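Note sheet for the following structure.
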Amino acid sequence: MQIGHFSAADEHYMQLALQLAQNGRYSTKPNPAVGCVLVKDGQIVGQGWHHKAGMPHAERVALAEAGSQAQGATAYVTLEPCSHHGRTPPCADGLVEAQVTRVVVAMEDPNPLVAGQGIERLQQAGIDVAVGLFENEARALNPGFIKMMEQKRPYVRVKMASSLDGRTAMANGESQWITGEAARLEVHRMRAMSGAIVTGIGTVLADNPGLNVRLPADVLAELQLDEVSAQPIRVVLDPHLSLPLDAKMLGLPGRTIVMTSKETVERNAALAETMMAQGIELVAVAADEDRLDIEAVLHYLGQEEQVREVLVESGAIVAGAFMQSGFVDELHCFIAPVLMGNMAKPMFVLPGVDSMNDKIQLQIESVTPFGEDVRLILKPKKA
C-alpha cells in the first residue's frame with residue numbers, strides 16, 4: 001500500500017471524484033457519499049457517485065460506464081471500496097473482476113465491516129493501492145457516517161437564529177422573522193441534510209412549528225431529493241407527554257417521534273395509547289426527573305434509526321442542555337443585524353455557568369453572509 005506519493009494527475013482526478021461525491025451529500029443517508037473516477041491512458045473512461053442507499057455504489061456506477069475500458073485503468077475513489085455483501089455486492093470484487101491495475105483511495109472506511117479489508121482484497125489480487133490523497137476533504141464529506149463508525153453516535157449540529165444582541169424572540173414570544181429569506185433557505189437545506197431534527201416540547205407549545213423541509217422543487221432536484229425523501233425524522237423531547245394531538249407537524253409528511261420517559265408512559269398509559277393510535281411514535285429513554293438524557297436520545301437515533309446527522313432546532317433550555325452535554329459537534333448561529341433588547345429571550349439557558357471559569361469555549365470555523373444576515377459555524381473546544 002502506497003501512502004503519500006501522488007502525482008499532479010492523481011490530485012486532479014481525486015478532486016473530480018470528490019466533486020462527484022458531493023452530488024450525493026443529501027440523498028445517500030444513512031450511507032456515505034462517495035465518488036469514483038476511472039482513468040486509462042490519461043482519459044476518463046468512467047465516473048460515478050452513490051445516489052441513494054440500496055442503489056449501486058460509486059465504483060459500480062463508474063465500472064458500468066467504462067465497460068471493457070476499465071481493464072488496465074486506475075480508479076480514484078473517495079472512500080475505501082467495500083468488501084462485504086450488503087444491499088449491493090462488494091465494490092472491491094467489482095474492481096478486481098474489471099482488472100483495474102491501480103486504485104487510489106482518499107481514506108480508509110471506518111466501518112468495522114470494511115476497515116482495511118477492501119484494500120487488502122485489492123492487494124491480494126495484485127492491484128497497486130495508494131491511500132490518503134485528500135483524506136481531510138474526504139472525511140469532511142461524511143462527518144455523520146464517520147462519527148457513527150468511530151464513536152457510535154451521530155454528528156450533532158445546534159442551529160440558532162438570533163439578533164445581534166443574542167436574542168431569539170421577544171418577551172411575548174414573537175420571533176417571525178429575525179433572519180431573512182436567504183438564511184431561512186439555508187436552514188431548510190440543513191434540515192434536508194439531517195437524518196433527524198430534535199426540538200423540545202416548549203418550542204412546540206410556543207411556536208407550533210412544522211420542522212419540515214420546505215424547498216423549491218428545483219432545489220430539491222439539485223439535491224437529488226423529492227418532497228418525501230427530503231424530510232428528516234422529527235423528534236420532540238417531551239418528558240410529560242404534553243404534545244397537542246393537533247400539532248402542525250403531525251399532519252405533515254414524514255415521521256414524528258416523541259421521546260419521553262418510561263415512568264411517564266406508565267403513569268399516562270391511556271394517553272400514550274391514544275397518541276400511538278394517531279400514528280405518533282413513542283420512545284422511552286433514560287431521564288432524570290423532567291430532563292431526558294441526551295446521550296440516550298442520541299444513542300437511540302444512531303443505533304435504532306440509523307441517523308448519522310442530527311440537527312437541534314429548539315429553544316434556550318434544550319439548546320443549552322445540548323451545549324452543556326459535550327455531544328455537540330457544531331453550533332450554527334444565524335445572526336441578524338438587529339437589536340431586540342434585554343427583555344427578549346436569550347439563545348441559551350446554561351445553569352451552572354456563573355463565572356468565567358465555567359464558560360463554554362468555542363472556536364470559529366467559518367463566517368458566511370446570507371443576504372443581510374451572517375452565519376457563524378463554531379465548534380466547541382472541549383467535547
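Here, A, B, ... name the chains of the C-alpha cells in the order displayed, residue numbers run from 1 inside each chain, and ligands are numbered from 1 in the same displayed order.
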
What parts of segment 4-217 of chain A does DSSP call strand (DSSP E or B)? I'd like the answer as a PyMOL selection string. chain A and resi 35-40+43-49+74-77+102-105+128-131+155-163+167-169+196-200

Hey, what's within 12 Å of Pro380 of chain A if we count only C-alpha atoms and toss same-chain stuff fewer than 3 positions away? As a PyMOL selection string, please? chain A and resi 156-158+322-332+359-365+377+383

Keeping only N, CA and C atoms, write the selected residues to a file as a CSV table (one decimal), in the first residue's frame.
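Output file selection.csv is given in full below:
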```
chain,number,residue,atom,x,y,z
A,156,VAL,N,-23.7,16.0,15.6
A,156,VAL,CA,-24.8,16.9,16.1
A,156,VAL,C,-24.5,18.4,15.8
A,157,ARG,N,-25.5,19.0,15.2
A,157,ARG,CA,-25.4,20.4,14.9
A,157,ARG,C,-26.5,21.1,15.7
A,158,VAL,N,-26.2,22.2,16.4
A,158,VAL,CA,-27.2,23.0,17.0
A,158,VAL,C,-27.4,24.3,16.2
A,322,PHE,N,-28.0,20.8,25.3
A,322,PHE,CA,-27.1,20.1,24.4
A,322,PHE,C,-25.7,20.7,24.4
A,323,MET,N,-25.6,22.0,24.5
A,323,MET,CA,-24.3,22.7,24.6
A,323,MET,C,-23.5,22.2,25.8
A,324,GLN,N,-24.2,22.0,26.9
A,324,GLN,CA,-23.5,21.5,28.1
A,324,GLN,C,-23.3,20.0,28.2
A,325,SER,N,-23.9,19.3,27.2
A,325,SER,CA,-23.8,17.8,27.3
A,325,SER,C,-22.4,17.3,26.8
A,326,GLY,N,-21.7,18.1,26.0
A,326,GLY,CA,-20.5,17.7,25.4
A,326,GLY,C,-20.6,16.9,24.1
A,327,PHE,N,-21.9,16.8,23.6
A,327,PHE,CA,-22.1,16.0,22.4
A,327,PHE,C,-22.3,16.8,21.2
A,328,VAL,N,-22.2,18.1,21.3
A,328,VAL,CA,-22.4,19.0,20.1
A,328,VAL,C,-21.1,19.1,19.3
A,329,ASP,N,-21.2,18.9,18.0
A,329,ASP,CA,-20.1,19.0,17.1
A,329,ASP,C,-19.9,20.3,16.5
A,330,GLU,N,-21.1,21.0,16.2
A,330,GLU,CA,-21.1,22.3,15.5
A,330,GLU,C,-22.2,23.1,16.0
A,331,LEU,N,-22.0,24.4,16.2
A,331,LEU,CA,-23.0,25.4,16.5
A,331,LEU,C,-23.1,26.3,15.4
A,332,HIS,N,-24.4,26.4,14.8
A,332,HIS,CA,-24.6,27.3,13.6
A,332,HIS,C,-25.5,28.4,14.1
A,359,LYS,N,-17.3,29.1,31.6
A,359,LYS,CA,-17.7,29.4,30.3
A,359,LYS,C,-17.4,28.3,29.3
A,360,ILE,N,-18.3,28.1,28.3
A,360,ILE,CA,-18.1,27.2,27.3
A,360,ILE,C,-17.3,27.8,26.1
A,361,GLN,N,-16.2,27.3,25.8
A,361,GLN,CA,-15.3,27.9,24.8
A,361,GLN,C,-15.5,27.3,23.5
A,362,LEU,N,-15.6,28.1,22.5
A,362,LEU,CA,-15.9,27.8,21.1
A,362,LEU,C,-14.8,28.3,20.2
A,363,GLN,N,-14.6,27.7,19.1
A,363,GLN,CA,-13.7,28.3,18.1
A,363,GLN,C,-14.5,28.5,16.8
A,364,ILE,N,-14.3,29.6,16.1
A,364,ILE,CA,-15.0,29.9,14.9
A,364,ILE,C,-14.3,29.2,13.7
A,365,GLU,N,-15.2,28.4,13.0
A,365,GLU,CA,-14.8,27.7,11.8
A,365,GLU,C,-15.0,28.5,10.6
A,377,ILE,N,-20.3,29.4,12.0
A,377,ILE,CA,-20.2,28.0,12.4
A,377,ILE,C,-19.0,27.9,13.4
A,383,ALA,N,-15.1,18.6,24.1
A,383,ALA,CA,-16.3,17.9,23.9
A,383,ALA,C,-16.4,16.7,24.9
```

Kindly indicate which residue among A:Ala8, A:Val297, A:Ala98, A:Ala336 lies nearest to Pro369 of chain A, using only C-alpha atoms for the distances. A:Ala336

For segment 120-128 of chain A, work out the shell of residues within 7 Å, counting only C-alpha atoms and skipping chain neighbours fewer than 5 positions away, then give it as number ranges by chain. A: 1, 92, 96, 101-103

Serialized selection, all heavy atoms, as a PDB file, in the first residue's frame:
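Output saved as part.pdb:
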```pdb
ATOM      1  N   MET A   1       0.850  -1.193   0.000  1.00  0.00           N
ATOM      2  CA  MET A   1       0.000   0.000   0.000  1.00  0.00           C
ATOM      3  C   MET A   1       0.879   1.234   0.000  1.00  0.00           C
ATOM      4  O   MET A   1       1.749   1.407   0.835  1.00  0.00           O
ATOM      5  CB  MET A   1      -0.915  -0.004   1.225  1.00  0.00           C
ATOM      6  CG  MET A   1      -1.829   1.221   1.312  1.00  0.00           C
ATOM      7  SD  MET A   1      -3.067   1.044   2.615  1.00  0.00           S
ATOM      8  CE  MET A   1      -2.017   0.871   4.072  1.00  0.00           C
ATOM      9  N   ALA A  92     -14.994  -3.860  -4.013  1.00  0.00           N
ATOM     10  CA  ALA A  92     -13.629  -4.347  -4.187  1.00  0.00           C
ATOM     11  C   ALA A  92     -13.609  -5.501  -5.185  1.00  0.00           C
ATOM     12  O   ALA A  92     -12.732  -5.565  -6.062  1.00  0.00           O
ATOM     13  CB  ALA A  92     -13.049  -4.786  -2.844  1.00  0.00           C
ATOM     14  N   VAL A  96     -11.711  -5.793  -8.905  1.00  0.00           N
ATOM     15  CA  VAL A  96     -10.845  -6.935  -9.233  1.00  0.00           C
ATOM     16  C   VAL A  96     -11.319  -7.605 -10.517  1.00  0.00           C
ATOM     17  O   VAL A  96     -10.519  -7.899 -11.421  1.00  0.00           O
ATOM     18  CB  VAL A  96     -10.831  -7.940  -8.059  1.00  0.00           C
ATOM     19  CG1 VAL A  96     -10.129  -9.237  -8.479  1.00  0.00           C
ATOM     20  CG2 VAL A  96     -10.141  -7.342  -6.837  1.00  0.00           C
ATOM     21  N   THR A 101      -5.753  -1.803 -12.664  1.00  0.00           N
ATOM     22  CA  THR A 101      -4.379  -2.085 -12.237  1.00  0.00           C
ATOM     23  C   THR A 101      -3.956  -1.265 -11.023  1.00  0.00           C
ATOM     24  O   THR A 101      -2.980  -1.613 -10.353  1.00  0.00           O
ATOM     25  CB  THR A 101      -3.392  -1.808 -13.382  1.00  0.00           C
ATOM     26  OG1 THR A 101      -3.574  -0.456 -13.837  1.00  0.00           O
ATOM     27  CG2 THR A 101      -3.633  -2.769 -14.535  1.00  0.00           C
ATOM     28  N   ARG A 102      -4.672  -0.172 -10.740  1.00  0.00           N
ATOM     29  CA  ARG A 102      -4.298   0.688  -9.612  1.00  0.00           C
ATOM     30  C   ARG A 102      -5.557   1.325  -9.036  1.00  0.00           C
ATOM     31  O   ARG A 102      -6.476   1.673  -9.781  1.00  0.00           O
ATOM     32  CB  ARG A 102      -3.322   1.770 -10.072  1.00  0.00           C
ATOM     33  CG  ARG A 102      -2.827   2.707  -8.971  1.00  0.00           C
ATOM     34  CD  ARG A 102      -1.702   3.618  -9.509  1.00  0.00           C
ATOM     35  NE  ARG A 102      -1.217   4.540  -8.490  1.00  0.00           N
ATOM     36  CZ  ARG A 102      -1.363   5.869  -8.543  1.00  0.00           C
ATOM     37  NH1 ARG A 102      -1.969   6.430  -9.584  1.00  0.00           N
ATOM     38  NH2 ARG A 102      -0.896   6.638  -7.578  1.00  0.00           N
ATOM     39  N   VAL A 103      -5.581   1.458  -7.706  1.00  0.00           N
ATOM     40  CA  VAL A 103      -6.701   2.125  -7.037  1.00  0.00           C
ATOM     41  C   VAL A 103      -6.133   3.157  -6.078  1.00  0.00           C
ATOM     42  O   VAL A 103      -5.302   2.835  -5.218  1.00  0.00           O
ATOM     43  CB  VAL A 103      -7.594   1.123  -6.271  1.00  0.00           C
ATOM     44  CG1 VAL A 103      -8.707   1.871  -5.535  1.00  0.00           C
ATOM     45  CG2 VAL A 103      -8.186   0.089  -7.229  1.00  0.00           C
TER      46      VAL A 103
END
```

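Computed from the coordinates, the atom CA of Pro154 of chain A to atom CA of Gly302 of chain A distance equals 5.7 Å.
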
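Once Met190 of chain A and its same-chain neighbours fewer than 5 positions away are set aside, Leu185, Val213 and Leu311 of chain A remain within 9 Å of it when counting only C-alpha atoms.
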
Hey, what's within 7 Å of Arg234 of chain A if we count only C-alpha atoms and toss same-chain stuff fewer than 6 positions away? As a ChimeraX atom specification, please? /A:196-198,211,255-257

Could you please write out, as a PyMOL selection string, every residue of segment 253-332 of chain A that DSSP assigns to alpha helix (DSSP H)? chain A and resi 262-267+269-277+294-304+316-325

Serialized selection, N, CA and C atoms, as a CSV table (one decimal), in the first residue's frame:
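The result, written out as again30.csv:
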```
chain,number,residue,atom,x,y,z
A,262,LYS,N,-39.9,6.2,30.6
A,262,LYS,CA,-40.7,5.0,30.8
A,262,LYS,C,-41.7,5.3,31.9
A,263,GLU,N,-41.3,6.0,32.9
A,263,GLU,CA,-42.2,6.3,34.0
A,263,GLU,C,-43.4,7.2,33.6
A,264,THR,N,-43.1,8.1,32.7
A,264,THR,CA,-44.2,8.9,32.1
A,264,THR,C,-45.2,8.1,31.4
A,265,VAL,N,-44.7,7.2,30.5
A,265,VAL,CA,-45.6,6.3,29.8
A,265,VAL,C,-46.4,5.4,30.7
A,266,GLU,N,-45.8,4.9,31.7
A,266,GLU,CA,-46.6,4.0,32.7
A,266,GLU,C,-47.6,4.8,33.4
A,267,ARG,N,-47.3,6.1,33.8
A,267,ARG,CA,-48.3,6.9,34.5
A,267,ARG,C,-49.4,7.4,33.7
A,269,ALA,N,-50.8,5.8,30.7
A,269,ALA,CA,-50.9,4.7,29.8
A,269,ALA,C,-52.0,5.0,28.8
A,270,ALA,N,-53.2,5.5,29.2
A,270,ALA,CA,-54.3,5.8,28.3
A,270,ALA,C,-53.9,6.8,27.3
A,271,LEU,N,-53.3,7.9,27.7
A,271,LEU,CA,-52.8,9.0,26.8
A,271,LEU,C,-51.8,8.4,25.8
A,272,ALA,N,-50.9,7.6,26.3
A,272,ALA,CA,-49.9,7.0,25.4
A,272,ALA,C,-50.5,6.2,24.3
A,273,GLU,N,-51.6,5.4,24.7
A,273,GLU,CA,-52.3,4.6,23.7
A,273,GLU,C,-53.0,5.5,22.7
A,274,THR,N,-53.6,6.5,23.1
A,274,THR,CA,-54.3,7.5,22.2
A,274,THR,C,-53.3,8.1,21.2
A,275,MET,N,-52.1,8.5,21.7
A,275,MET,CA,-51.1,9.1,20.9
A,275,MET,C,-50.6,8.1,19.8
A,276,MET,N,-50.4,6.9,20.2
A,276,MET,CA,-49.9,5.9,19.3
A,276,MET,C,-51.0,5.5,18.3
A,277,ALA,N,-52.2,5.5,18.7
A,277,ALA,CA,-53.3,5.2,17.8
A,277,ALA,C,-53.4,6.3,16.7
A,294,ILE,N,-29.6,13.2,27.2
A,294,ILE,CA,-29.3,13.5,25.8
A,294,ILE,C,-28.5,12.3,25.2
A,295,GLU,N,-27.6,11.8,26.0
A,295,GLU,CA,-26.8,10.6,25.4
A,295,GLU,C,-27.7,9.5,25.0
A,296,ALA,N,-28.7,9.2,25.8
A,296,ALA,CA,-29.7,8.2,25.5
A,296,ALA,C,-30.5,8.5,24.2
A,297,VAL,N,-30.8,9.8,24.1
A,297,VAL,CA,-31.5,10.2,22.9
A,297,VAL,C,-30.7,10.0,21.6
A,298,LEU,N,-29.4,10.4,21.7
A,298,LEU,CA,-28.5,10.2,20.5
A,298,LEU,C,-28.3,8.8,20.3
A,299,HIS,N,-28.1,8.0,21.3
A,299,HIS,CA,-27.8,6.6,21.1
A,299,HIS,C,-29.0,5.9,20.4
A,300,TYR,N,-30.2,6.2,20.8
A,300,TYR,CA,-31.4,5.6,20.1
A,300,TYR,C,-31.4,6.0,18.6
A,301,LEU,N,-31.2,7.3,18.4
A,301,LEU,CA,-31.3,7.8,17.0
A,301,LEU,C,-30.2,7.1,16.1
A,302,GLY,N,-29.0,7.0,16.7
A,302,GLY,CA,-27.9,6.4,15.9
A,302,GLY,C,-28.1,4.9,15.7
A,303,GLN,N,-28.4,4.2,16.8
A,303,GLN,CA,-28.4,2.7,16.7
A,303,GLN,C,-29.7,2.2,16.2
A,304,GLU,N,-30.8,2.8,16.6
A,304,GLU,CA,-32.1,2.2,16.2
A,304,GLU,C,-32.7,2.8,14.9
A,316,ALA,N,-34.2,27.9,24.2
A,316,ALA,CA,-32.9,28.1,25.0
A,316,ALA,C,-32.6,27.0,26.0
A,317,ILE,N,-33.6,26.3,26.5
A,317,ILE,CA,-33.4,25.3,27.5
A,317,ILE,C,-32.8,24.1,26.9
A,318,VAL,N,-33.4,23.5,25.8
A,318,VAL,CA,-32.9,22.4,25.1
A,318,VAL,C,-31.5,22.7,24.5
A,319,ALA,N,-31.4,23.8,23.8
A,319,ALA,CA,-30.2,24.2,23.2
A,319,ALA,C,-29.0,24.3,24.2
A,320,GLY,N,-29.3,24.9,25.3
A,320,GLY,CA,-28.3,25.0,26.4
A,320,GLY,C,-27.9,23.6,26.9
A,321,ALA,N,-28.9,22.7,27.1
A,321,ALA,CA,-28.6,21.4,27.6
A,321,ALA,C,-27.7,20.6,26.6
A,322,PHE,N,-28.0,20.8,25.3
A,322,PHE,CA,-27.1,20.1,24.4
A,322,PHE,C,-25.7,20.7,24.4
A,323,MET,N,-25.6,22.0,24.5
A,323,MET,CA,-24.3,22.7,24.6
A,323,MET,C,-23.5,22.2,25.8
A,324,GLN,N,-24.2,22.0,26.9
A,324,GLN,CA,-23.5,21.5,28.1
A,324,GLN,C,-23.3,20.0,28.2
A,325,SER,N,-23.9,19.3,27.2
A,325,SER,CA,-23.8,17.8,27.3
A,325,SER,C,-22.4,17.3,26.8
```

Residues near Ser68 of chain A, anyone? I mean within 12 Å using only C-alpha atoms, not counting same-chain ones fewer than 6 positions away, as a count of residues only. 10

Excluding Gly341 of chain A and its own-chain neighbours fewer than 4 positions away, which residues fall within 9 Å of it when counting only C-alpha atoms? Please give them as a PyMOL selection string. chain A and resi 165+167+170

Using only C-alpha atoms: which of A:Gln71, A:Thr78, A:Gln151, A:Gln224 has the shortest distance to Ala17 of chain A: A:Thr78

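Separating atom CA of Ile178 of chain A from atom CA of Val374 of chain A is a distance of 11.9 Å.
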
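The shortest atom-to-atom distance to Leu215 of chain A, with only C-alpha atoms taken into account, belongs to A:Val187 out of A:Leu237, A:Val353, A:Ala33, A:Val187.
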